[in-house]
Amino acid sequence: MSEVVKLQLIGLVVVGIGVLILLLIRAQFARVIGFVAIVLGLFALVALSVPQMASLPPVEEKFDIATVKTPTDMATIGQKIFFSKGQCALCHTIGPSESARCPDLKGIGAKLSREFIFESLTQPQAYIYLDYRHEGAPKEYPARMPYINKNPIGLSRNEILSVIAFLQQMSGEPISVNPSELEVPGQAPAAPVKAAESGPVAVAQAH
Amino acid sequence: MGYQCGWIQSLLRTVRGSGRTFWGLLMAAGLLSLPALAFGADVAPAAATEYRDIPYVGSRNTIWVVAQLHLLLAGFVLGVPIFAWLCEVVAWKTGEKRYDKLAKEFTKLLTSAYATTALFGGILLFLLISFYPKLMNYLTDIFFPSFIVYCLLFLVETMTLYLYWYGWDAMQEGGKKTFHIFLGFLLNFFAFFIMIVPNSWATFQASPVVLAEGSDIARAWAATWNPTWWPVNIHRLIANVVLGGYICGAYAGIRYLSARNTEERDHYDWMGYVGNFIGVFGLLPLPFAGYWLMREIYQYNQQMGITLMGGFLSWLFILQAMLIGVLFLGSNYYFWLGITYRIPGSEMKYRKPMLSMLIILLLCLGVWMTPHSLVASLEEARKMGGTHHPLLGVFGVMSAKMTVANLMILVTFMSFIMYWRAGKQETATWAKVARSIMGGVLVLAAIAVIVLGVWGYFVPAIIRINYFSTSQVLIVLFVMLTITPLTALLLKSAKTTTEMVWGKMPPRAGYALVLNAVMVVLLMTLMGYARSSSRVHWHVYGVLRDSSQYAFSPALGYAAAFMAMNTFLFCMIVAFIFWVATMGDKAKASHS
C-alpha cells in the first residue's frame, strides 16, 4: 500500500469520525470538533488528489574524465545537467512558447558562438541580447538570467562546457567543445574560454 | 585527586545534613566525571556534528510541528492585542462599554497565550540547536546582535503586557484611560518589532544578503534588511489581524452555539459580528500584500519564483485558491446571514443581490482554481493538443487569476457595504448623487479590472506584471478608499428603519465562523510550507546547503496531512487557553 493510499485512508477515517460525532453527539463543543475534523479531513483528501511531486536535491553528474571520450559524451552529460542541476528548463523552453518567461533555446547553439554562450552563462548581464525570438519584434523578458557558475546553481566549468556541447548538438551544429578541455581534478585548469568582447553592460537589438 | 575527593566528602556531608542525598550523589557523580575531560583532551577532535536525528519521528517532522505551532500561536498573540486595542479605542471614542468588555475579555487570554507561545518558542530553540547545530552556528554568527535586541524586546513587551492587563480596572477613567490606551499602543508597537526581528532570520534564509566584511552590527543589519523582509513583515502584520479577528469570531461562534440564555446569545452573536468584520477588514488588502511579496521573490531570484508558481509547488496555489475561495464564501455567507436574520425585512430586499454575488464568487473561484496544465493521460493530452485544455486552459494563467481575485475582493467589499447600509434610510439631500457615484465607481472599476485582465493575454508578461496587475490592484484600492468614506458620511445622517436584532442567527452561522478560522489557520500552514520549500535543498538559499537526509521537500499530500494535524493541534491549544482563561468567570457566574 503506497503512502498516498495510507494517507487517503486516514483522511477518510477522520472525515468518518467527524460525521459520526455530528450524528451521535449533542454536546456543542464535541460537535464543533467533529465539524473541524470533517473540514481538515476533506482538505487533506483534496491535497492527496492533486499530482504528488516531491522536490529532491539535484543529482550530481559525476565527471569521470576517463569515460568521456567524445564531444557526444559531453553533450549527453550536458543534457542531463540542462534538465536537472542546471535548472535551465525551469525558465527556458526548447521550441517556441508565448508564455515562456525566458528565451526559447531552440537552435541557440547555431545562432551564438560557444564563447558568447559561455559568457551568457557566467556573466549574464554583460551583453543583453533581445532578439532571441525566431520571429516578431525583439522581446524583453521579465526574468533575469542568474550566474550559472555561482550558487544556488553553481555549475562547474566542466559542467558548463557540457551544457554548451548539448546546446550545439541540439541545434544540429558540430560540437566545438572537446573532452580535452575538461579540467582534471588536481591538475592545472585549462585555458579559460575567451569571452565575447563587449562593454560591461550593453543591450543589442536587431532591427 | 585527593583534594577533589575531600571536596566531595565535604559536599556529601553537607547535603546529607539537609536530607538531599539524591542531589548530593548527582553532584558527586558530576565531579568524579571531571577527569574524563582530561582523557578526552588527548583524543583528536572529532568533526563538528552537523545534524542530529531522532528515530521514528525524524528531526525535520518534529521541527515542522513545533515551529508551526509556535508560529501560529505567535500570530495569535500578536493579532489579539491589535484586535483588543482596536476594540478598546472604539469603546473609548464611542462610549460603548461592550467594546471595552470585549477588549478586556480578549486581553485576559494574552497572559496564558503569551506563556504558551514562549514555551513553544523555547522548545523550538532547543530542538533547533540540537538537530541543526551547523545552521544555528551560522545564523548565530550573523544575527548575534539581533538576538540581543530580541531578548530586550521581550522584556519590555512582557512588562507592558502586565501593566496593560493588570491595570485595566484601575485605569478606566479620564487621564488614566488615555494612559491605558497608550499602553495598548506600546504593547502593539513592541509586538510589531518582536514579529519583524525573527522575520529577518526566516527571510534571510530565503533571500540572504551576506557581507564578507564589516562589523557584527553591519553584517547583521545587511542580513536583516534582505529583499523579502518588508514584504513578509507587512504580509504577516495584516495576516495576524485576520487571524485575531477570525479566531475571535470562532470563539464567539462556539459560545453562541452553546449559549444557555438570551443575554449570552445576544453577546456572542454580536462578538461574532465584530470578529468577522475585523477578519474581513484585514482579508481585503491581504492578497495585495501577497502579490507584493511574490513580486519581490521574483525580482530577487527568478528560479525561486518559478519554483513557487510554475514548478513543483504550482499545485499548492490551486489549494491556496480553494482555501481563500472558501474563506471569501464563508465571510460573505456570514454577512448575508446577518442581513437576513438580524435585520428583519431585509431578506426580500437583498435576496437578488446576494444570489448574484454568490454566482460571481463561485464563477471566480472556478477560474482561480483552474490549473495551468491538466493531469491527463497521453491519449487525453493528444486529443486536447497538449496539457492545456482548449477552452479552460485560458483560465489557468495569471492574467485570469489576478482578475478573479480582484473581483472577489470587490464582491466581498460590496457585501460589507450592503450589510452596513441595511436597515437604514439615507436622509441627506445628496444621497441620490452619492449612490449614483458609488454605483458608477463600482461598475467602472469592475469593467476596468476585466478589460485589463483580458488585455493581459495579448501583451508581454513584463508589461502585464509591471503595469496591468498593479493597475488592477490600485483600481480596487481606489474603490475601497472612495466608497468607504462616502458610505460613512451618508450613514451619519441616516435614519434607522429597522433596529438590528442580536441572538437570532441560526446555528450554521456559528459553524461558518469556525470554518473561516480553520481556513485562515490552514492557509498559514500551507504558505509556511511554500515558503520553506521554495528554498529547495538549501538552509540559506545559495549560501548554506542542506546536506542532511531531509534535504528534500515532501509532496503536497504528505505535507497537507501535517498541515491538517498542526491546524487541529493549534485549535485544541487555543480552545484550552480560552477554557483556562474563562474558568473563573464561569465559576463566578454559577455562584451568582
# chains A, B, ... in the order shown; residues from 1 in each chain; ligands from 1
>>> interface_residues(of="chain A", to="chain B", cutoff="7 Å", atoms="only C-alpha atoms", output="mmCIF file with N, CA and C atoms, in the first residue's frame")
data_model
loop_
_atom_site.group_PDB
_atom_site.id
_atom_site.type_symbol
_atom_site.label_atom_id
_atom_site.label_comp_id
_atom_site.auth_asym_id
_atom_site.auth_seq_id
_atom_site.Cartn_x
_atom_site.Cartn_y
_atom_site.Cartn_z
ATOM 1 N N GLN A 28 -22.174 20.590 22.263
ATOM 2 C CA GLN A 28 -21.809 21.515 21.193
ATOM 3 C C GLN A 28 -20.318 21.532 20.890
ATOM 4 N N PHE A 29 -19.485 21.504 21.921
ATOM 5 C CA PHE A 29 -18.046 21.588 21.675
ATOM 6 C C PHE A 29 -17.561 20.366 20.899
ATOM 7 N N LEU A 40 -10.875 19.383 7.961
ATOM 8 C CA LEU A 40 -9.449 19.071 7.818
ATOM 9 C C LEU A 40 -9.238 17.784 7.013
ATOM 10 N N ALA A 44 -7.220 17.450 3.415
ATOM 11 C CA ALA A 44 -6.123 16.506 3.158
ATOM 12 C C ALA A 44 -6.455 15.618 1.955
ATOM 13 N N ALA A 47 -5.872 17.568 -1.180
ATOM 14 C CA ALA A 47 -4.429 17.715 -1.422
ATOM 15 C C ALA A 47 -3.812 16.410 -1.908
ATOM 16 N N LEU A 48 -4.384 15.298 -1.486
ATOM 17 C CA LEU A 48 -3.855 13.998 -1.912
ATOM 18 C C LEU A 48 -4.325 13.619 -3.320
ATOM 19 N N GLN A 52 1.278 14.383 -7.036
ATOM 20 C CA GLN A 52 2.189 14.350 -5.876
ATOM 21 C C GLN A 52 3.638 14.423 -6.366
ATOM 22 N N MET A 53 4.223 15.595 -6.195
ATOM 23 C CA MET A 53 5.617 15.772 -6.635
ATOM 24 C C MET A 53 6.453 16.224 -5.451
ATOM 25 N N ALA A 54 7.484 15.454 -5.157
ATOM 26 C CA ALA A 54 8.434 15.894 -4.120
ATOM 27 C C ALA A 54 9.574 16.611 -4.828
ATOM 28 N N SER A 55 10.232 17.505 -4.111
ATOM 29 C CA SER A 55 11.374 18.215 -4.691
ATOM 30 C C SER A 55 12.650 17.618 -4.114
ATOM 31 N N LEU A 56 13.345 16.866 -4.935
ATOM 32 C CA LEU A 56 14.566 16.214 -4.461
ATOM 33 C C LEU A 56 15.780 17.064 -4.814
ATOM 34 N N PRO A 57 16.837 16.975 -4.015
ATOM 35 C CA PRO A 57 18.042 17.729 -4.383
ATOM 36 C C PRO A 57 18.598 17.211 -5.699
ATOM 37 N N TYR A 141 12.227 40.133 -21.726
ATOM 38 C CA TYR A 141 11.649 39.122 -20.846
ATOM 39 C C TYR A 141 11.678 39.590 -19.390
ATOM 40 N N PRO A 142 10.695 39.149 -18.589
ATOM 41 C CA PRO A 142 10.686 39.589 -17.191
ATOM 42 C C PRO A 142 11.777 38.932 -16.363
ATOM 43 N N ALA A 143 12.254 37.778 -16.814
ATOM 44 C CA ALA A 143 13.215 37.043 -15.990
ATOM 45 C C ALA A 143 14.624 37.602 -16.159
ATOM 46 N N ARG A 144 15.420 37.443 -15.126
ATOM 47 C CA ARG A 144 16.833 37.831 -15.203
ATOM 48 C C ARG A 144 17.679 36.572 -15.106
ATOM 49 N N ASN A 151 26.419 29.947 -6.770
ATOM 50 C CA ASN A 151 25.265 29.393 -6.068
ATOM 51 C C ASN A 151 24.031 30.264 -6.282
ATOM 52 N N PRO A 152 22.825 29.728 -6.234
ATOM 53 C CA PRO A 152 22.462 28.369 -5.824
ATOM 54 C C PRO A 152 22.634 27.291 -6.892
#
>>> closest_residue(among="B:Leu329, B:Ala448, B:Ile63, B:Leu410", to="Tyr132 of chain B", atoms="only C-alpha atoms")
B:Ile63
>>> residues_around(residues="segment 467-483 of chain B", least_positions_apart="4", cutoff="7 Å", atoms="only C-alpha atoms", output="ChimeraX atom specification")
/B:288,402,406,410,438,441-442,445,449,452,456,463,487
